[in-house]
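Dumped entry16.cif below, it's mmCIF, C-alpha atoms (C1' of nucleotides):
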```
data_model
#
loop_
_atom_site.label_atom_id
_atom_site.label_comp_id
_atom_site.auth_asym_id
_atom_site.auth_seq_id
_atom_site.Cartn_x
_atom_site.Cartn_y
_atom_site.Cartn_z
CA MET A 298 9.70 4.64 3.01
CA PRO A 299 8.31 7.38 5.18
CA GLU A 300 10.77 8.98 7.55
CA LEU A 301 10.48 12.20 9.55
CA PRO A 302 9.91 14.64 6.62
CA GLU A 303 7.41 12.34 4.93
CA VAL A 304 5.41 11.72 8.10
CA GLU A 305 5.51 15.46 8.87
CA THR A 306 4.13 16.19 5.39
CA ILE A 307 1.37 13.62 5.73
CA ALA A 308 0.45 15.00 9.16
CA LYS A 309 0.21 18.53 7.79
CA ASP A 310 -1.92 17.39 4.86
CA LEU A 311 -4.25 15.41 7.09
CA ARG A 312 -4.58 18.31 9.53
CA LYS A 313 -5.61 20.55 6.66
CA MET A 314 -7.91 18.07 4.95
CA ILE A 315 -9.70 16.06 7.64
CA ALA A 316 -9.41 17.84 11.00
CA GLY A 317 -12.90 18.60 12.30
CA LEU A 318 -14.54 15.71 10.46
CA THR A 319 -16.26 12.89 12.31
CA ILE A 320 -15.59 9.21 11.71
CA ALA A 321 -18.91 7.70 10.68
CA GLU A 322 -17.84 4.23 9.66
CA VAL A 323 -14.70 2.09 9.68
CA LYS A 324 -13.93 -0.94 7.53
CA VAL A 325 -10.96 -3.20 8.16
CA ASP A 326 -9.79 -5.50 5.39
CA TYR A 327 -6.62 -6.80 7.01
CA GLY A 328 -6.91 -7.22 10.75
CA LYS A 329 -3.23 -7.42 11.63
CA ILE A 330 -2.85 -3.75 10.67
CA VAL A 331 -4.97 -2.73 13.65
CA GLY A 332 -3.25 -5.08 16.09
CA THR A 333 -4.67 -7.44 18.63
CA ASP A 334 -7.96 -5.72 19.37
CA LEU A 335 -9.60 -6.20 15.99
CA ALA A 336 -13.15 -6.30 17.33
CA GLY A 337 -12.67 -3.13 19.33
CA PHE A 338 -11.02 -1.05 16.64
CA ALA A 339 -14.00 0.20 14.63
CA PRO A 340 -16.27 0.83 17.66
CA SER A 341 -13.51 2.77 19.40
CA LEU A 342 -13.34 5.17 16.45
CA THR A 343 -16.89 5.41 15.21
CA GLY A 344 -18.57 8.68 16.19
CA ARG A 345 -15.33 10.40 17.18
CA THR A 346 -14.29 13.72 15.74
CA ILE A 347 -10.76 14.28 14.49
CA GLY A 348 -8.80 17.07 16.15
CA ASP A 349 -5.19 17.98 15.57
CA VAL A 350 -2.87 15.73 13.56
CA GLY A 351 0.80 15.60 14.42
CA ARG A 352 3.89 13.47 14.50
CA ILE A 353 6.02 11.71 17.12
CA GLY A 354 9.18 10.41 15.51
CA LYS A 355 7.90 8.39 12.56
CA TRP A 356 4.51 7.89 14.20
CA LEU A 357 1.52 9.80 12.96
CA LYS A 358 -0.67 11.02 15.82
CA MET A 359 -4.32 11.84 15.30
CA ASP A 360 -6.17 13.40 18.24
CA LEU A 361 -9.81 12.43 18.62
CA ASP A 362 -12.42 13.90 20.89
CA SER A 363 -12.98 12.38 24.35
CA GLY A 364 -9.21 12.15 24.79
CA PHE A 365 -8.70 9.26 22.40
CA THR A 366 -5.74 9.10 20.04
CA LEU A 367 -5.05 7.17 16.85
CA LEU A 368 -1.41 6.33 16.27
CA ALA A 369 -0.29 5.15 12.84
CA HIS A 370 3.08 3.80 11.78
CA LEU A 371 3.49 3.51 8.02
CA LYS A 372 6.62 1.34 8.18
CA MET A 373 7.76 0.70 4.61
CA THR A 374 4.76 1.06 2.33
CA GLY A 375 1.93 2.67 4.30
CA GLN A 376 -0.03 5.44 2.61
CA PHE A 377 -3.08 7.53 3.35
CA VAL A 378 -5.30 8.39 0.41
CA LEU A 379 -8.30 10.70 0.63
CA GLU A 380 -11.24 10.16 -1.68
CA GLU A 381 -13.41 13.28 -1.86
CA LYS A 382 -16.32 11.62 -3.67
CA PRO A 383 -19.14 10.63 -1.29
CA GLY A 384 -19.92 6.95 -0.88
CA ALA A 385 -16.43 5.70 -1.67
CA LEU A 386 -16.26 3.42 1.36
CA ALA A 387 -19.15 1.37 0.00
CA SER A 388 -18.49 1.67 -3.72
CA GLN A 389 -14.73 1.57 -4.19
CA TRP A 390 -11.88 -0.15 -2.45
CA PRO A 391 -8.47 0.83 -3.84
CA ALA A 392 -5.85 -1.81 -4.49
CA HIS A 393 -3.89 -2.54 -1.29
CA ALA A 394 -6.37 -0.61 0.87
CA ARG A 395 -6.34 -2.25 4.31
CA VAL A 396 -8.55 0.12 6.33
CA GLY A 397 -11.16 2.68 5.25
CA PHE A 398 -12.73 5.53 7.23
CA LYS A 399 -15.92 7.30 6.19
CA LEU A 400 -15.59 10.90 7.40
CA VAL A 401 -18.49 13.31 7.62
CA GLY A 402 -18.89 17.00 8.37
CA GLU A 403 -21.46 19.66 7.59
CA GLY A 404 -22.46 18.88 4.01
CA VAL A 405 -19.22 16.98 3.49
CA GLU A 406 -18.41 13.32 3.11
CA LYS A 407 -14.93 11.99 2.38
CA THR A 408 -13.26 8.61 2.68
CA LEU A 409 -9.81 8.12 4.08
CA PHE A 410 -8.12 4.90 2.99
CA TYR A 411 -5.08 3.40 4.59
CA LEU A 412 -3.10 1.53 1.91
CA ASP A 413 -0.18 -0.73 2.68
CA ILE A 414 1.30 -3.03 0.06
CA ARG A 415 3.49 -4.96 2.45
CA LYS A 416 1.13 -4.85 5.42
CA PHE A 417 3.86 -3.87 7.88
CA GLY A 418 2.09 -0.74 9.09
CA ARG A 419 0.08 -0.47 12.30
CA LEU A 420 -2.92 1.62 13.34
CA ARG A 421 -3.87 1.67 17.03
CA VAL A 422 -6.36 3.55 19.16
CA PHE A 423 -5.51 4.63 22.71
CA ASP A 424 -7.20 6.34 25.59
CA GLN A 425 -5.08 8.80 27.55
CA GLU A 426 -3.68 6.28 29.99
CA SER A 427 -2.86 3.59 27.45
CA LEU A 428 -1.27 6.19 25.17
CA THR A 429 1.07 7.25 27.96
CA ASN A 430 1.92 3.61 28.63
CA TYR A 431 2.54 2.88 24.98
CA LEU A 432 4.76 5.91 24.48
CA ASP A 433 6.73 4.86 27.57
CA PHE A 434 7.09 1.42 26.03
CA LEU A 435 8.34 2.86 22.74
CA ALA A 436 10.79 5.09 24.64
CA LEU A 437 11.39 7.25 21.59
CA GLY A 438 14.35 9.57 21.73
CA PRO A 439 14.02 13.30 21.11
CA ASP A 440 13.18 14.75 17.73
CA PRO A 441 16.38 15.81 15.93
CA LEU A 442 14.78 19.14 15.04
CA ASN A 443 14.46 19.92 18.76
CA LEU A 444 18.03 19.13 19.79
CA ASN A 445 20.99 21.30 20.59
CA SER A 446 24.53 20.17 19.92
CA ASP A 447 25.45 19.47 23.55
CA ARG A 448 22.53 17.17 24.07
CA PHE A 449 23.03 15.51 20.69
CA HIS A 450 26.68 14.81 21.50
CA LYS A 451 25.71 13.23 24.82
CA ILE A 452 23.05 11.07 23.18
CA ILE A 453 25.15 9.91 20.25
CA THR A 454 28.17 9.03 22.34
CA SER A 455 26.09 7.40 25.09
CA LYS A 456 25.94 4.16 23.13
CA LYS A 457 28.91 2.56 21.47
CA GLY A 458 28.40 1.36 17.94
CA ARG A 459 28.70 2.27 14.33
CA LEU A 460 27.44 5.79 13.69
CA LYS A 461 24.90 4.78 11.01
CA GLN A 462 23.28 2.25 13.32
CA ILE A 463 23.18 4.69 16.21
CA LEU A 464 21.40 7.28 14.05
CA LEU A 465 18.74 4.72 13.15
CA ASP A 466 18.11 3.77 16.79
CA GLN A 467 14.74 5.40 17.49
CA THR A 468 15.25 5.26 21.25
CA LEU A 469 18.22 7.63 20.91
CA VAL A 470 16.93 10.04 18.26
CA SER A 471 13.55 9.54 16.61
CA GLY A 472 12.63 10.13 12.98
CA LEU A 473 15.74 9.31 10.97
CA GLY A 474 15.61 6.37 8.57
CA ASN A 475 17.88 5.01 5.92
CA ILE A 476 17.58 7.86 3.42
CA TYR A 477 18.18 10.79 5.75
CA ALA A 478 20.83 8.98 7.77
CA ASP A 479 22.90 8.36 4.61
CA GLU A 480 22.31 11.87 3.28
CA SER A 481 23.23 13.50 6.60
CA LEU A 482 26.39 11.46 7.02
CA PHE A 483 27.47 12.37 3.52
CA ALA A 484 26.75 16.06 4.07
CA ALA A 485 28.79 15.96 7.29
CA SER A 486 31.64 14.02 5.60
CA LEU A 487 31.45 11.36 8.30
CA SER A 488 31.87 7.65 7.61
CA PRO A 489 28.84 5.52 8.53
CA ASN A 490 31.37 3.07 9.99
CA ARG A 491 32.79 5.49 12.55
CA THR A 492 32.44 4.20 16.07
CA THR A 493 30.55 6.72 18.14
CA ASP A 494 33.17 6.90 20.87
CA SER A 495 35.63 8.36 18.36
CA LEU A 496 33.46 11.39 17.60
CA THR A 497 34.54 14.86 18.73
CA LYS A 498 32.08 17.53 19.87
CA LEU A 499 32.89 19.45 16.72
CA GLU A 500 31.99 16.49 14.54
CA THR A 501 28.68 15.78 16.26
CA ALA A 502 27.77 19.47 16.19
CA HIS A 503 28.50 19.54 12.47
CA LEU A 504 26.46 16.38 11.94
CA LEU A 505 23.47 17.74 13.86
CA ALA A 506 23.56 20.95 11.80
CA LYS A 507 23.50 18.88 8.59
CA ILE A 508 20.70 16.62 9.87
CA GLN A 509 18.57 19.63 10.78
CA ALA A 510 19.27 21.43 7.49
CA ILE A 511 18.46 18.34 5.41
CA LEU A 512 15.30 17.46 7.35
CA THR A 513 14.09 21.06 7.18
CA GLU A 514 14.72 21.27 3.46
CA ALA A 515 13.11 17.87 2.88
CA ILE A 516 9.99 19.06 4.72
CA GLU A 517 9.89 22.15 2.48
CA PHE A 518 10.01 19.83 -0.54
CA ARG A 519 7.26 17.63 0.96
CA GLY A 520 9.54 14.62 1.44
CA SER A 521 11.23 12.17 -0.89
CA THR A 522 9.08 10.31 -3.39
CA VAL A 523 10.79 6.91 -3.46
CA GLU A 524 9.35 3.44 -3.17
CA ASN A 525 5.75 3.85 -2.08
CA TYR A 526 5.69 7.16 -0.25
CA ARG A 527 2.80 9.37 -1.21
CA ALA A 528 1.58 12.52 0.46
CA LEU A 529 -2.06 13.57 0.20
CA ASP A 530 -1.90 17.12 -1.10
CA GLY A 531 0.83 17.09 -3.73
CA PRO A 532 3.95 15.01 -4.38
CA GLY A 533 7.27 15.23 -2.57
CA SER A 534 10.33 16.12 -4.60
CA PHE A 535 13.29 15.95 -2.24
CA GLN A 536 14.48 12.77 -4.01
CA ASP A 537 15.80 15.08 -6.75
CA ARG A 538 18.21 16.54 -4.21
CA HIS A 539 19.56 13.26 -2.84
CA GLN A 540 23.33 13.15 -3.01
CA VAL A 541 24.03 9.49 -2.20
CA TYR A 542 20.87 7.52 -1.42
CA GLY A 543 20.13 5.20 -4.36
CA LYS A 544 23.27 6.37 -6.16
CA SER A 545 25.80 3.62 -5.52
CA GLY A 546 28.14 3.13 -8.49
CA LYS A 547 27.80 6.77 -9.47
CA PRO A 548 30.44 9.43 -8.89
CA CYS A 549 30.52 11.27 -5.58
CA PRO A 550 29.06 14.78 -6.05
CA LYS A 551 31.93 16.23 -4.02
CA CYS A 552 35.06 14.39 -5.14
CA GLY A 553 34.08 12.23 -8.12
CA GLN A 554 35.10 8.91 -6.57
CA ILE A 555 32.61 6.09 -7.05
CA LEU A 556 29.95 5.84 -4.32
CA VAL A 557 29.90 2.46 -2.63
CA LYS A 558 27.05 0.48 -1.10
CA ILE A 559 27.79 -1.55 2.01
CA ARG A 560 25.62 -3.21 4.63
CA ILE A 561 25.50 -1.88 8.16
CA GLY A 562 23.18 -3.54 10.61
CA GLY A 563 21.47 -5.32 7.73
CA ARG A 564 20.71 -2.07 5.90
CA GLY A 565 22.02 -0.83 2.62
CA THR A 566 24.30 2.12 3.21
CA VAL A 567 25.64 4.28 0.39
CA HIS A 568 28.67 6.42 1.09
CA CYS A 569 31.79 7.91 -0.42
CA PRO A 570 34.84 6.08 0.96
CA ALA A 571 37.06 8.97 -0.09
CA CYS A 572 35.42 11.97 1.51
CA GLN A 573 33.47 10.42 4.38
CA THR A 574 36.04 9.72 7.05
"C1'" DC B 253 23.20 -6.31 27.90
"C1'" DC B 254 24.87 -6.69 23.26
"C1'" DG B 255 25.17 -7.51 18.41
"C1'" DG B 256 23.61 -10.25 14.82
"C1'" DT B 257 19.90 -12.29 12.24
"C1'" DC B 258 15.38 -13.32 11.01
"C1'" DA B 259 10.25 -12.59 10.51
"C1'" DC B 260 6.86 -9.77 8.95
"C1'" DC B 261 5.07 -8.97 3.62
"C1'" DT B 262 4.70 -7.86 -1.47
"C1'" DG B 263 6.35 -6.32 -5.86
"C1'" DA B 264 10.07 -5.08 -8.82
"C1'" DG B 265 14.05 -6.46 -10.93
"C1'" DT B 266 17.45 -9.97 -12.58
"C1'" DG B 267 19.41 -14.06 -14.56
"C1'" DC B 268 18.70 -18.37 -16.78
"C1'" DT C 154 7.51 -16.17 -21.38
"C1'" DG C 155 8.13 -18.13 -17.07
"C1'" DC C 156 10.28 -19.28 -13.02
"C1'" DA C 157 13.35 -18.93 -9.04
"C1'" DC C 158 15.76 -15.89 -6.67
"C1'" DT C 159 17.20 -11.48 -4.47
"C1'" DC C 160 16.38 -7.11 -2.72
"C1'" DA C 161 13.98 -3.06 -0.70
"C1'" DG C 162 14.19 -1.48 4.96
"C1'" DG C 163 11.26 -0.15 9.92
"C1'" DT C 164 10.74 -2.63 13.75
"C1'" DG C 165 10.20 -6.35 17.16
"C1'" DA C 166 11.47 -10.94 18.41
"C1'" DC C 167 14.80 -14.21 19.16
"C1'" DC C 168 19.37 -16.31 19.91
"C1'" DG C 169 24.10 -17.07 21.32
#
```
Now that the file is in, can you turn its structure into structure tokens?
Amino acid sequence: MPELPEVETIAKDLRKMIAGLTIAEVKVDYGKIVGTDLAGFAPSLTGRTIGDVGRIGKWLKMDLDSGFTLLAHLKMTGQFVLEEKPGALASQWPAHARVGFKLVGEGVEKTLFYLDIRKFGRLRVFDQESLTNYLDFLALGPDPLNLNSDRFHKIITSKKGRLKQILLDQTLVSGLGNIYADESLFAASLSPNRTTDSLTKLETAHLLAKIQAILTEAIEFRGSTVENYRALDGPGSFQDRHQVYGKSGKPCPKCGQILVKIRIGGRGTVHCPACQT
DNA sequence: CCGGTCACCTGAGTGC
DNA sequence: TGCACTCAGGTGACCG
């Protein structure tokens, strides 16, 4: 499931591989992916040239010419796959492909497919005004890589709740999901069950340092290849460095006690009851 | 306003 | 082998 490091990796790959190309044709196989304006989706993209590709929280942001923007959220199983062979949009449709884009440049034709097994993902096109409105509506919190410890402490303690749930709240901090929340809490030796109002400035500063170190390292390793995450230009390998995610029932890497899986806010949460306090 | 739960979806895994 | 069931988790909607 793509979180901040995975979306960052995909954005970098797309920037390298398709920026500068022009969208010549769009095919939609599953309308819900592109939201309510199904009829307007393909025309709003056709003929536009792709500029920079970036990331806002877990959203992928693709700049187009004329001030238009494509936002994509991969949710659980969204993937972008680039087919370099010309004519792929007409001749091949990969399993689970929901949207296809024929991209052309000087002497180049590629096809970008959006795949999504579970169909939770969303692709939407915005003009400048509607993009501003939509981002206001999402009200995403700051990126954890751009936070200092004072600000992080204020944010985290501004809402009372269990620490794990607070970290997953995208309106407080954007980009963390289940994997990196569990890994960061383990690295910081903090219990996912801690109520945020019990946290000291020292503890939140320590947690932020671990979050930033883990996210930065995960980006270097091109993300974690679990479930259906797939980057475009080489696999991610950070899953080999996971300490707790997916390891319930195994011994804690720090103290040897058995890692335990609990549910917090409806989400599986793996932690070490002995050394996360 | 808040926390809890479900809906959205499909495929993999499990137990009988 | 086949079938029913559970689980995976990001997010928005809904409910008490």
Output of the PyMOL selection byres ((chain A) within 7 of (chain C)), listed as a list in words: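 Checking the PyMOL selection byres ((chain A) within 7 of (chain C)) against this file, the residues are Lys372, Met373 and Arg564 of chain A.
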Keeping only C-alpha atoms, write the selected residues as an mmCIF file, keeping the file's coordinate frame.
```
data_model
loop_
_atom_site.group_PDB
_atom_site.id
_atom_site.type_symbol
_atom_site.label_atom_id
_atom_site.label_comp_id
_atom_site.auth_asym_id
_atom_site.auth_seq_id
_atom_site.Cartn_x
_atom_site.Cartn_y
_atom_site.Cartn_z
ATOM 1 C CA LYS A 372 6.620 1.340 8.180
ATOM 2 C CA MET A 373 7.760 0.700 4.610
ATOM 3 C CA ARG A 564 20.710 -2.070 5.900
#
```
Proximal residues of chain A relative to chain B (all atoms listed in the file; 10 Å) as a list in words: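 On the chain A side, the interface is Thr374, Asp413, Ile414, Arg415, Lys416, Phe417, Gly458, Gly562 and Gly563 of chain A.
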Atomic distance CA of Ser481 in chain A - CA of Lys547 in chain A, expressed in Å with one decimal: 18.0 Å
Matched chain/residue IDs from the PyMOL selection byres ((chain A and resi 425-441) around 8), as a CSV table (one decimal) with C-alpha atoms, in the coordinates of the input:
```
chain,number,residue,atom,x,y,z
A,353,ILE,CA,6.0,11.7,17.1
A,354,GLY,CA,9.2,10.4,15.5
A,364,GLY,CA,-9.2,12.2,24.8
A,365,PHE,CA,-8.7,9.3,22.4
A,366,THR,CA,-5.7,9.1,20.0
A,423,PHE,CA,-5.5,4.6,22.7
A,424,ASP,CA,-7.2,6.3,25.6
A,442,LEU,CA,14.8,19.1,15.0
A,443,ASN,CA,14.5,19.9,18.8
A,444,LEU,CA,18.0,19.1,19.8
A,467,GLN,CA,14.7,5.4,17.5
A,468,THR,CA,15.2,5.3,21.2
A,469,LEU,CA,18.2,7.6,20.9
A,470,VAL,CA,16.9,10.0,18.3
A,471,SER,CA,13.6,9.5,16.6
A,472,GLY,CA,12.6,10.1,13.0
A,505,LEU,CA,23.5,17.7,13.9
A,508,ILE,CA,20.7,16.6,9.9
A,509,GLN,CA,18.6,19.6,10.8
```
Straight-line distance linking CA of Leu460 in chain A with CA of Cys552 in chain A, stated in Å to one decimal: 22.1 Å
